[in-house]
file query_28.txt (compact mmCIF, C-alpha atoms)
# COMPACT_ATOMS: atom_id res chain seq x y z
CA MET A 1 17.20 18.52 38.29
CA LYS A 2 15.84 17.18 41.60
CA ASP A 3 18.09 17.67 44.62
CA THR A 4 18.97 14.23 46.01
CA SER A 5 21.25 15.35 48.83
CA GLY A 6 19.42 18.05 50.83
CA PRO A 7 17.03 17.87 53.83
CA GLN A 8 14.01 17.23 51.60
CA ALA A 9 15.71 14.24 50.02
CA LYS A 10 16.54 12.91 53.50
CA ASP A 11 12.91 13.35 54.60
CA PHE A 12 11.71 11.50 51.50
CA GLU A 13 14.14 8.67 52.24
CA LEU A 14 12.75 8.35 55.78
CA ASP A 15 9.16 8.54 54.50
CA CYS A 16 9.91 5.41 52.45
CA SER A 17 11.74 3.60 55.25
CA VAL A 18 9.94 1.63 57.95
CA ALA A 19 12.57 2.87 60.41
CA GLY A 20 11.29 6.40 59.85
CA TYR A 21 8.06 5.48 61.65
CA ASP A 22 9.62 4.37 64.91
CA TYR A 23 9.11 5.99 68.29
CA LYS A 24 9.51 4.93 71.93
CA LEU A 25 6.43 4.60 74.11
CA PRO A 26 6.60 4.04 77.88
CA PRO A 27 4.70 0.79 78.57
CA GLU A 28 2.57 2.47 81.24
CA LEU A 29 0.93 4.60 78.52
CA ILE A 30 -0.59 1.56 76.80
CA ALA A 31 -4.23 1.78 77.89
CA GLN A 32 -5.56 -1.42 79.44
CA ASN A 33 -9.13 -0.20 79.99
CA PRO A 34 -11.37 2.30 78.19
CA ALA A 35 -12.37 5.68 79.59
CA VAL A 36 -15.69 5.75 81.46
CA PRO A 37 -17.79 7.41 80.19
CA ARG A 38 -16.48 6.88 76.68
CA ASP A 39 -16.38 10.58 75.76
CA SER A 40 -14.29 11.49 78.83
CA SER A 41 -11.12 10.41 77.00
CA ARG A 42 -8.62 13.09 76.10
CA LEU A 43 -8.53 14.63 72.62
CA LEU A 44 -5.37 16.07 71.08
CA VAL A 45 -6.35 18.62 68.43
CA VAL A 46 -4.23 19.42 65.37
CA ASN A 47 -5.76 22.61 63.99
CA SER A 48 -3.03 24.46 62.11
CA PRO A 49 -0.49 23.83 59.32
CA THR A 50 2.19 24.68 61.88
CA THR A 51 1.00 22.22 64.54
CA GLY A 52 3.84 19.81 65.06
CA THR A 53 6.45 22.30 63.83
CA GLU A 54 6.19 25.83 65.25
CA ALA A 55 2.99 25.29 67.28
CA ALA A 56 1.90 22.71 69.85
CA PRO A 57 -1.37 20.78 69.55
CA LEU A 58 -4.37 21.78 71.64
CA HIS A 59 -5.61 19.68 74.55
CA HIS A 60 -9.32 18.91 74.85
CA ILE A 61 -11.74 16.26 76.11
CA PHE A 62 -13.55 14.16 73.51
CA HIS A 63 -16.96 15.50 74.51
CA ASP A 64 -15.74 18.92 73.25
CA LEU A 65 -15.99 17.57 69.70
CA PRO A 66 -19.23 19.38 68.69
CA ALA A 67 -17.61 22.75 69.40
CA LEU A 68 -14.53 21.83 67.35
CA LEU A 69 -16.40 21.00 64.13
CA HIS A 70 -18.57 23.12 61.85
CA SER A 71 -22.27 22.87 61.10
CA GLY A 72 -22.56 21.10 57.76
CA ASP A 73 -19.58 18.82 58.39
CA LEU A 74 -20.08 15.10 57.82
CA LEU A 75 -18.65 12.43 60.12
CA VAL A 76 -18.16 9.11 58.32
CA MET A 77 -18.06 6.13 60.68
CA ASN A 78 -17.31 2.44 60.32
CA ASN A 79 -20.29 0.44 61.58
CA THR A 80 -18.57 -2.95 61.61
CA LYS A 81 -19.16 -5.15 64.65
CA VAL A 82 -16.52 -7.29 66.33
CA ILE A 83 -17.38 -10.98 66.35
CA PRO A 84 -16.27 -13.41 69.10
CA ALA A 85 -13.49 -14.55 66.80
CA ARG A 86 -11.13 -16.22 69.28
CA LEU A 87 -11.77 -19.93 69.88
CA TYR A 88 -10.02 -22.40 72.15
CA GLY A 89 -9.88 -26.07 71.26
CA HIS A 90 -7.75 -29.18 71.24
CA LYS A 91 -6.54 -31.92 68.96
CA SER A 92 -7.66 -35.53 69.42
CA THR A 93 -4.44 -36.02 71.39
CA GLY A 94 -5.56 -33.37 73.87
CA ALA A 95 -3.01 -30.76 72.80
CA LYS A 96 -4.47 -27.28 73.26
CA ILE A 97 -5.08 -25.04 70.26
CA GLN A 98 -6.00 -21.36 69.91
CA VAL A 99 -7.77 -20.12 66.78
CA LEU A 100 -8.38 -16.56 65.58
CA LEU A 101 -10.93 -16.34 62.78
CA LEU A 102 -10.01 -13.86 60.04
CA GLU A 103 -12.71 -14.05 57.38
CA GLU A 104 -15.34 -16.36 55.98
CA ARG A 105 -14.27 -17.62 52.55
CA GLN A 106 -17.29 -19.85 51.93
CA TYR A 107 -20.29 -20.82 54.05
CA ASN A 108 -18.93 -22.06 57.42
CA CYS A 109 -15.44 -22.18 55.89
CA TRP A 110 -13.10 -19.65 57.50
CA LEU A 111 -9.55 -18.45 57.10
CA ALA A 112 -8.00 -18.51 60.57
CA LEU A 113 -4.72 -18.17 62.39
CA VAL A 114 -3.97 -21.34 64.39
CA LYS A 115 -1.55 -21.37 67.31
CA PRO A 116 0.53 -23.46 67.44
CA GLY A 117 0.02 -24.13 63.76
CA LYS A 118 3.09 -25.91 62.38
CA SER A 119 1.67 -29.38 62.92
CA PHE A 120 -1.74 -28.56 61.46
CA LYS A 121 -1.67 -29.95 57.97
CA GLN A 122 -4.49 -30.79 55.59
CA GLY A 123 -7.05 -33.12 57.18
CA ALA A 124 -6.18 -32.29 60.81
CA LYS A 125 -9.17 -31.84 63.12
CA ILE A 126 -9.80 -29.40 65.96
CA ILE A 127 -12.40 -29.95 68.68
CA PHE A 128 -13.92 -26.92 70.42
CA GLU A 129 -16.04 -26.94 73.56
CA ALA A 130 -18.57 -24.27 74.46
CA ARG A 131 -17.15 -21.82 76.94
CA GLN A 132 -18.83 -21.94 80.34
CA LEU A 133 -17.96 -18.30 80.90
CA GLY A 134 -17.43 -15.59 78.33
CA ILE A 135 -14.64 -13.07 78.29
CA ARG A 136 -14.23 -11.29 81.63
CA GLY A 137 -16.88 -13.34 83.40
CA LYS A 138 -19.97 -12.81 81.25
CA GLY A 139 -22.18 -15.87 81.01
CA LEU A 140 -23.15 -17.37 77.64
CA GLY A 141 -26.49 -18.86 76.70
CA ILE A 142 -25.32 -22.42 76.18
CA GLY A 143 -28.82 -23.68 76.92
CA ASP A 144 -30.01 -22.05 73.71
CA TRP A 145 -28.09 -24.69 71.76
CA GLU A 146 -29.14 -27.81 73.68
CA ASP A 147 -31.81 -28.57 71.08
CA SER A 148 -29.10 -28.67 68.42
CA TYR A 149 -26.63 -30.81 70.37
CA PRO A 150 -27.25 -34.10 72.19
CA VAL A 151 -24.67 -33.32 74.91
CA LYS A 152 -25.01 -30.96 77.84
CA ARG A 153 -21.87 -29.00 76.97
CA PRO A 154 -21.93 -28.79 73.15
CA GLN A 155 -18.91 -29.35 70.98
CA LEU A 156 -17.85 -28.02 67.61
CA THR A 157 -15.32 -29.48 65.19
CA ALA A 158 -13.33 -28.10 62.28
CA THR A 159 -11.13 -29.69 59.64
CA VAL A 160 -8.05 -28.10 58.07
CA LEU A 161 -8.55 -27.86 54.31
CA GLU A 162 -5.34 -26.09 53.33
CA THR A 163 -2.67 -23.59 54.36
CA ASP A 164 -2.94 -19.97 53.26
CA ALA A 165 0.45 -18.74 52.03
CA ALA A 166 -0.40 -15.03 52.32
CA THR A 167 -1.22 -15.09 56.04
CA GLY A 168 0.32 -18.33 57.25
CA GLY A 169 -3.17 -19.26 58.43
CA ARG A 170 -5.37 -22.28 57.79
CA LEU A 171 -8.61 -22.66 55.91
CA LEU A 172 -10.99 -24.39 58.36
CA GLN A 173 -14.23 -26.14 57.43
CA PHE A 174 -16.55 -26.09 60.47
CA ASP A 175 -19.07 -28.85 61.07
CA VAL A 176 -22.13 -27.12 62.53
CA PRO A 177 -25.72 -28.26 63.15
CA GLU A 178 -28.00 -28.11 60.14
CA GLY A 179 -29.64 -24.74 59.81
CA LYS A 180 -26.99 -22.98 61.89
CA SER A 181 -24.04 -20.81 60.83
CA LEU A 182 -20.74 -20.51 62.63
CA VAL A 183 -21.42 -16.82 63.26
CA GLN A 184 -24.49 -17.80 65.29
CA LEU A 185 -22.48 -20.30 67.35
CA LEU A 186 -19.66 -17.89 68.10
CA GLU A 187 -21.64 -16.38 70.97
CA VAL A 188 -21.33 -19.79 72.63
CA PHE A 189 -17.89 -20.97 71.52
CA GLY A 190 -15.91 -17.78 70.96
CA GLU A 191 -14.72 -14.72 72.82
CA VAL A 192 -14.13 -11.16 71.69
CA PRO A 193 -10.41 -10.92 70.88
CA LEU A 194 -8.51 -8.03 72.43
CA PRO A 195 -5.16 -6.96 70.94
CA PRO A 196 -2.09 -8.68 72.44
CA TYR A 197 -0.83 -5.48 74.07
CA ILE A 198 -3.96 -5.39 76.27
CA THR A 199 -2.94 -7.83 78.98
CA ALA A 200 -4.76 -6.66 82.13
CA SER A 201 -8.18 -5.43 81.04
CA GLU A 202 -11.41 -5.50 83.00
CA ALA A 203 -13.45 -4.25 80.05
CA ALA A 204 -16.74 -5.92 79.17
CA ASP A 205 -17.40 -7.13 75.63
CA ASP A 206 -19.61 -4.17 74.74
CA GLN A 207 -16.85 -1.73 75.71
CA TYR A 208 -14.88 -3.06 72.74
CA GLN A 209 -17.74 -2.23 70.37
CA THR A 210 -18.77 1.17 69.07
CA VAL A 211 -22.27 2.24 70.12
CA TYR A 212 -23.22 2.20 66.42
CA ALA A 213 -21.76 -1.25 65.63
CA LYS A 214 -24.21 -3.01 63.31
CA GLN A 215 -22.56 -5.26 60.70
CA PRO A 216 -20.85 -8.37 62.22
CA GLY A 217 -17.53 -9.37 60.67
CA ALA A 218 -14.56 -7.59 62.29
CA ILE A 219 -11.88 -9.25 64.41
CA ALA A 220 -10.93 -5.91 65.99
CA ALA A 221 -12.83 -2.73 66.77
CA PRO A 222 -12.53 0.48 64.74
CA THR A 223 -11.18 2.10 67.88
CA ALA A 224 -11.55 5.79 67.00
CA GLY A 225 -15.30 5.22 67.25
CA LEU A 226 -15.13 3.87 70.81
CA HIS A 227 -15.17 7.44 72.18
CA PHE A 228 -18.70 8.22 70.99
CA THR A 229 -21.76 7.96 73.22
CA PRO A 230 -25.40 8.15 72.08
CA GLU A 231 -25.65 11.51 73.85
CA LEU A 232 -22.60 12.89 72.03
CA LEU A 233 -23.94 11.71 68.68
CA GLN A 234 -27.20 13.52 69.41
CA LYS A 235 -25.34 16.74 70.36
CA LEU A 236 -23.50 16.55 67.05
CA ARG A 237 -26.78 16.14 65.17
CA ASP A 238 -28.26 19.07 67.11
CA ARG A 239 -25.44 21.23 65.72
CA GLN A 240 -26.12 19.98 62.16
CA ILE A 241 -22.94 17.92 62.17
CA ASN A 242 -24.18 14.97 60.17
CA GLN A 243 -23.28 11.29 60.27
CA ALA A 244 -22.91 8.64 57.58
CA PHE A 245 -21.72 5.05 57.67
CA VAL A 246 -19.42 2.72 55.79
CA THR A 247 -18.35 -0.81 56.65
CA LEU A 248 -14.83 -2.18 56.73
CA HIS A 249 -14.47 -5.51 58.50
CA VAL A 250 -11.21 -4.98 60.34
CA GLY A 251 -8.97 -7.95 59.63
CA VAL A 252 -5.36 -8.95 59.34
CA GLY A 253 -4.69 -6.23 56.75
CA THR A 254 -5.08 -3.47 59.31
CA PHE A 255 -2.73 -5.06 61.85
CA ARG A 256 -0.30 -7.02 59.72
CA PRO A 257 3.16 -5.63 60.46
CA VAL A 258 5.14 -3.88 57.75
CA GLU A 259 7.93 -6.41 57.34
CA VAL A 260 9.79 -4.78 54.45
CA GLU A 261 12.31 -1.98 54.93
CA ASP A 262 11.01 -0.06 51.89
CA VAL A 263 7.39 0.76 52.74
CA THR A 264 6.55 1.33 49.06
CA THR A 265 6.93 -2.43 48.51
CA HIS A 266 4.53 -3.41 51.32
CA HIS A 267 1.37 -5.21 50.17
CA MET A 268 -1.78 -4.86 52.26
CA HIS A 269 -3.95 -7.92 52.85
CA GLU A 270 -7.41 -7.37 51.42
CA GLU A 271 -10.27 -6.33 53.70
CA TRP A 272 -13.98 -6.30 52.89
CA ILE A 273 -15.65 -2.89 52.56
CA GLU A 274 -19.04 -1.49 51.70
CA VAL A 275 -19.63 2.16 50.84
CA PRO A 276 -23.39 2.42 50.23
CA ARG A 277 -25.02 4.73 47.73
CA ALA A 278 -26.69 6.73 50.53
CA THR A 279 -23.28 7.56 52.02
CA VAL A 280 -21.85 8.55 48.63
CA GLU A 281 -24.81 10.87 48.09
CA GLN A 282 -24.34 12.41 51.57
CA ILE A 283 -20.67 13.04 50.82
CA ARG A 284 -21.41 14.64 47.47
CA ALA A 285 -24.12 16.86 49.00
CA THR A 286 -21.81 17.86 51.86
CA LYS A 287 -18.97 18.86 49.56
CA ALA A 288 -21.34 20.72 47.24
CA ALA A 289 -22.57 22.76 50.22
CA GLY A 290 -19.04 23.56 51.38
CA GLY A 291 -19.00 21.05 54.22
CA ARG A 292 -16.05 18.90 55.23
CA ILE A 293 -15.67 15.12 55.32
CA ILE A 294 -14.23 13.96 58.66
CA ALA A 295 -13.41 10.25 58.75
CA VAL A 296 -13.76 8.53 62.12
CA GLY A 297 -10.79 6.18 62.14
CA THR A 298 -8.28 4.89 59.64
CA THR A 299 -10.63 2.08 58.61
CA ALA A 300 -13.24 4.63 57.49
CA VAL A 301 -10.44 6.34 55.55
CA ARG A 302 -9.49 3.12 53.78
CA ALA A 303 -13.12 2.38 52.92
CA LEU A 304 -13.76 5.85 51.47
CA GLU A 305 -10.48 6.18 49.61
CA GLY A 306 -10.69 2.56 48.47
CA ALA A 307 -14.11 3.23 46.95
CA ALA A 308 -12.60 6.25 45.16
CA LYS A 309 -9.55 4.39 43.86
CA SER A 310 -10.61 4.94 40.25
CA GLY A 311 -10.53 8.70 40.78
CA ASN A 312 -14.14 9.40 41.79
CA LEU A 313 -16.07 8.15 44.79
CA GLN A 314 -18.64 5.53 43.79
CA PRO A 315 -20.82 3.07 45.73
CA PHE A 316 -18.70 -0.02 46.29
CA CYS A 317 -19.01 -3.46 47.85
CA GLY A 318 -16.02 -5.77 47.73
CA LYS A 319 -12.43 -5.93 48.90
CA THR A 320 -9.70 -3.32 49.04
CA ASP A 321 -5.95 -3.65 49.45
CA LEU A 322 -5.35 0.12 49.41
CA PHE A 323 -2.16 1.11 51.25
CA ILE A 324 -1.90 4.80 52.11
CA TYR A 325 1.49 6.33 52.93
CA PRO A 326 3.16 9.74 52.37
CA GLY A 327 2.73 10.96 48.82
CA TYR A 328 -0.82 9.63 48.55
CA GLN A 329 -3.24 11.87 46.65
CA TRP A 330 -6.38 12.31 48.76
CA ARG A 331 -9.75 12.10 46.99
CA VAL A 332 -12.45 12.12 49.67
CA VAL A 333 -11.25 12.71 53.23
CA ASP A 334 -10.66 16.24 54.55
CA GLY A 335 -10.01 15.53 58.24
CA LEU A 336 -9.60 12.62 60.64
CA ILE A 337 -10.42 11.42 64.15
CA THR A 338 -8.00 8.68 65.14
CA ASN A 339 -6.37 6.96 68.08
CA PHE A 340 -2.60 6.73 68.62
CA HIS A 341 -1.04 3.88 66.65
CA LEU A 342 1.80 1.41 67.06
CA PRO A 343 5.29 2.25 65.80
CA ARG A 344 6.16 1.05 62.29
CA SER A 345 2.50 0.30 61.53
CA SER A 346 0.61 0.92 58.29
CA LEU A 347 -1.85 3.00 60.35
CA LEU A 348 0.93 5.38 61.38
CA MET A 349 1.91 5.67 57.72
CA LEU A 350 -1.69 6.47 56.74
CA VAL A 351 -1.91 9.36 59.22
CA SER A 352 1.52 10.56 58.10
CA ALA A 353 0.15 10.84 54.56
CA LEU A 354 -2.31 13.42 55.89
CA ILE A 355 0.02 15.75 57.82
CA GLY A 356 3.57 14.52 57.24
CA ARG A 357 5.66 11.91 59.01
CA GLN A 358 7.92 14.19 61.05
CA ARG A 359 5.04 16.43 62.10
CA LEU A 360 3.12 13.38 63.28
CA LEU A 361 6.09 12.06 65.26
CA ASN A 362 6.52 15.48 66.88
CA ILE A 363 2.84 15.45 67.86
CA TYR A 364 3.20 11.92 69.25
CA ASN A 365 6.13 13.07 71.37
CA GLU A 366 3.93 15.87 72.72
CA ALA A 367 1.21 13.33 73.52
CA ILE A 368 3.71 11.10 75.32
CA ALA A 369 5.09 14.03 77.31
CA SER A 370 1.53 14.99 78.28
CA GLY A 371 0.63 11.48 79.45
CA TYR A 372 -1.90 10.56 76.76
CA ARG A 373 -3.07 6.94 76.75
CA PHE A 374 -2.19 5.00 73.59
CA TYR A 375 -3.65 2.33 71.31
CA SER A 376 -7.10 0.68 71.26
CA PHE A 377 -8.47 1.79 74.63
CA GLY A 378 -6.46 5.01 74.62
CA ASP A 379 -7.12 8.66 73.89
CA ALA A 380 -7.87 10.27 70.53
CA MET A 381 -6.52 12.84 68.10
CA LEU A 382 -8.51 15.18 65.86
CA ILE A 383 -6.80 16.37 62.68
CA LEU A 384 -8.86 19.26 61.34
CA PRO A 385 -8.89 20.08 57.61
CA SER A 386 -7.15 23.38 58.43
CA ALA A 387 -4.12 21.38 59.55
CA VAL A 388 -3.89 18.97 56.63
CA GLY A 389 -0.81 19.18 54.44
CA VAL A 390 2.83 18.20 54.53
CA ARG A 391 5.17 20.91 55.77
CA SER A 392 8.62 20.82 54.17
call {"tool": "encode", "arguments": {"input": "query_28.txt", "output": "structure tokens"}}
result
Amino acid sequence: MKDTSGPQAKDFELDCSVAGYDYKLPPELIAQNPAVPRDSSRLLVVNSPTTGTEAAPLHHIFHDLPALLHSGDLLVMNNTKVIPARLYGHKSTGAKIQVLLLEERQYNCWLALVKPGKSFKQGAKIIFEARQLGIRGKGLGIGDWEDSYPVKRPQLTATVLETDAATGGRLLQFDVPEGKSLVQLLEVFGEVPLPPYITASEAADDQYQTVYAKQPGAIAAPTAGLHFTPELLQKLRDRQINQAFVTLHVGVGTFRPVEVEDVTTHHMHEEWIEVPRATVEQIRATKAAGGRIIAVGTTAVRALEGAAKSGNLQPFCGKTDLFIYPGYQWRVVDGLITNFHLPRSSLLMLVSALIGRQRLLNIYNEAIASGYRFYSFGDAMLILPSAVGVRS
């Protein structure tokens, strides 16, 4: 009969409780700007089954990565690209409105969070004006759109079609010039959205994109990839550490807070993923040759494991609502490069599924004591396959 009163039972209870994923972070450790150059960020290395229990993690710089991996390993990266998804507009009354696009449901029809949103019922209209300056002072090519608009400073309108119960957002139908898509106009009307805990950043737009960003559609960057430079990627290739790509358009699912006390009852919002056949073949060849699959970021993890949800990794294009927390049975990923995540977040639970919740919290405490920078623009952690496993 299973023991329901000992330390293991208590650990299991905390693994299932959102309160078990809490920790205190000094506000000054929330990074407001990225490291320059990108690969000069710090890298906390978890390399042993005892790291986080008997042993402390190792301290490196991110550009040390080629020496920390093996020839024949495969890095799997998320090549999504952040779109200028934050728009500012007003109602016909002049009241100011802020919109965060989440995903395109139909052509030029987007699910969006609207703030303030209570008064925005079906049929309400929002008027947007082209921004004269982009985020952090970068100019936008408004002149490129003058042929499509009769006014010097072009406008854009959207109509509320309905309310989305799952997100509390609104479905917005945008009225755009014939032959144009909203995605094209976002360079004029939108700005790249930074997370709300970044309040004093001087970063340029391209510093919140990975150097391999290719597929537009995310509302937030896959931040573990922000540490790579073209030079570092080449050094990895020179050491026969290979690279493959998946796409997960980071959306509300990644950042939606876990609002239930029992994490096993949390439902992830769906996010769009693509795991191409070429990547699946690279993974199979790597494993067959004895190489290791190192996911770059939790979004790459969700894409890979989501595509293997049936039991075997297959090419996949569609949506996943996979929620990974302790007890999850891993199918593809052997190791992980990741940033440091918010307390009580689904991302913290995902990493806990790889090495154990208490071990991870111990490692976080070490990072805090050592002055590591946290969250999107912060430092990174490498969990090597030799360290994976839950220590009782």
call {"tool": "atom_distance", "arguments": {"input": "query_28.txt", "atom1": "CA of Ile324 in chain A", "atom2": "CA of Ala369 in chain A"}}
result
27.7 Å
call {"tool": "residues_around", "arguments": {"input": "query_28.txt", "residues": "range 48-58 of chain A", "least_positions_apart": "5", "cutoff": "12 Å", "atoms": "only C-alpha atoms", "output": "PyMOL selection string"}}
result
chain A and resi 42-43+64+68+335+352+354-367+369-370+381-392
call {"tool": "closest_residue", "arguments": {"input": "query_28.txt", "among": "A:Gly179, A:Pro216, A:Pro276, A:Gly306", "to": "Glu104 in chain A", "atoms": "only C-alpha atoms"}}
result
A:Pro216
call {"tool": "atom_distance", "arguments": {"input": "query_28.txt", "atom1": "CA of Val260 in chain A", "atom2": "CA of Ser17 in chain A"}}
result
8.6 Å
call {"tool": "atom_distance", "arguments": {"input": "query_28.txt", "atom1": "CA of Pro230 in chain A", "atom2": "CA of Gly297 in chain A"}}
result
17.8 Å
call {"tool": "closest_residue", "arguments": {"input": "query_28.txt", "among": "A:Glu202, A:Glu270, A:Glu129, A:Glu259", "to": "Glu103 in chain A", "atoms": "all atoms listed in the file"}}
result
A:Glu270
call {"tool": "closest_residue", "arguments": {"input": "query_28.txt", "among": "A:Ala95, A:Leu100, A:Ile30, A:Ala67", "to": "Ser119 in chain A", "atoms": "all atoms listed in the file"}}
result
A:Ala95
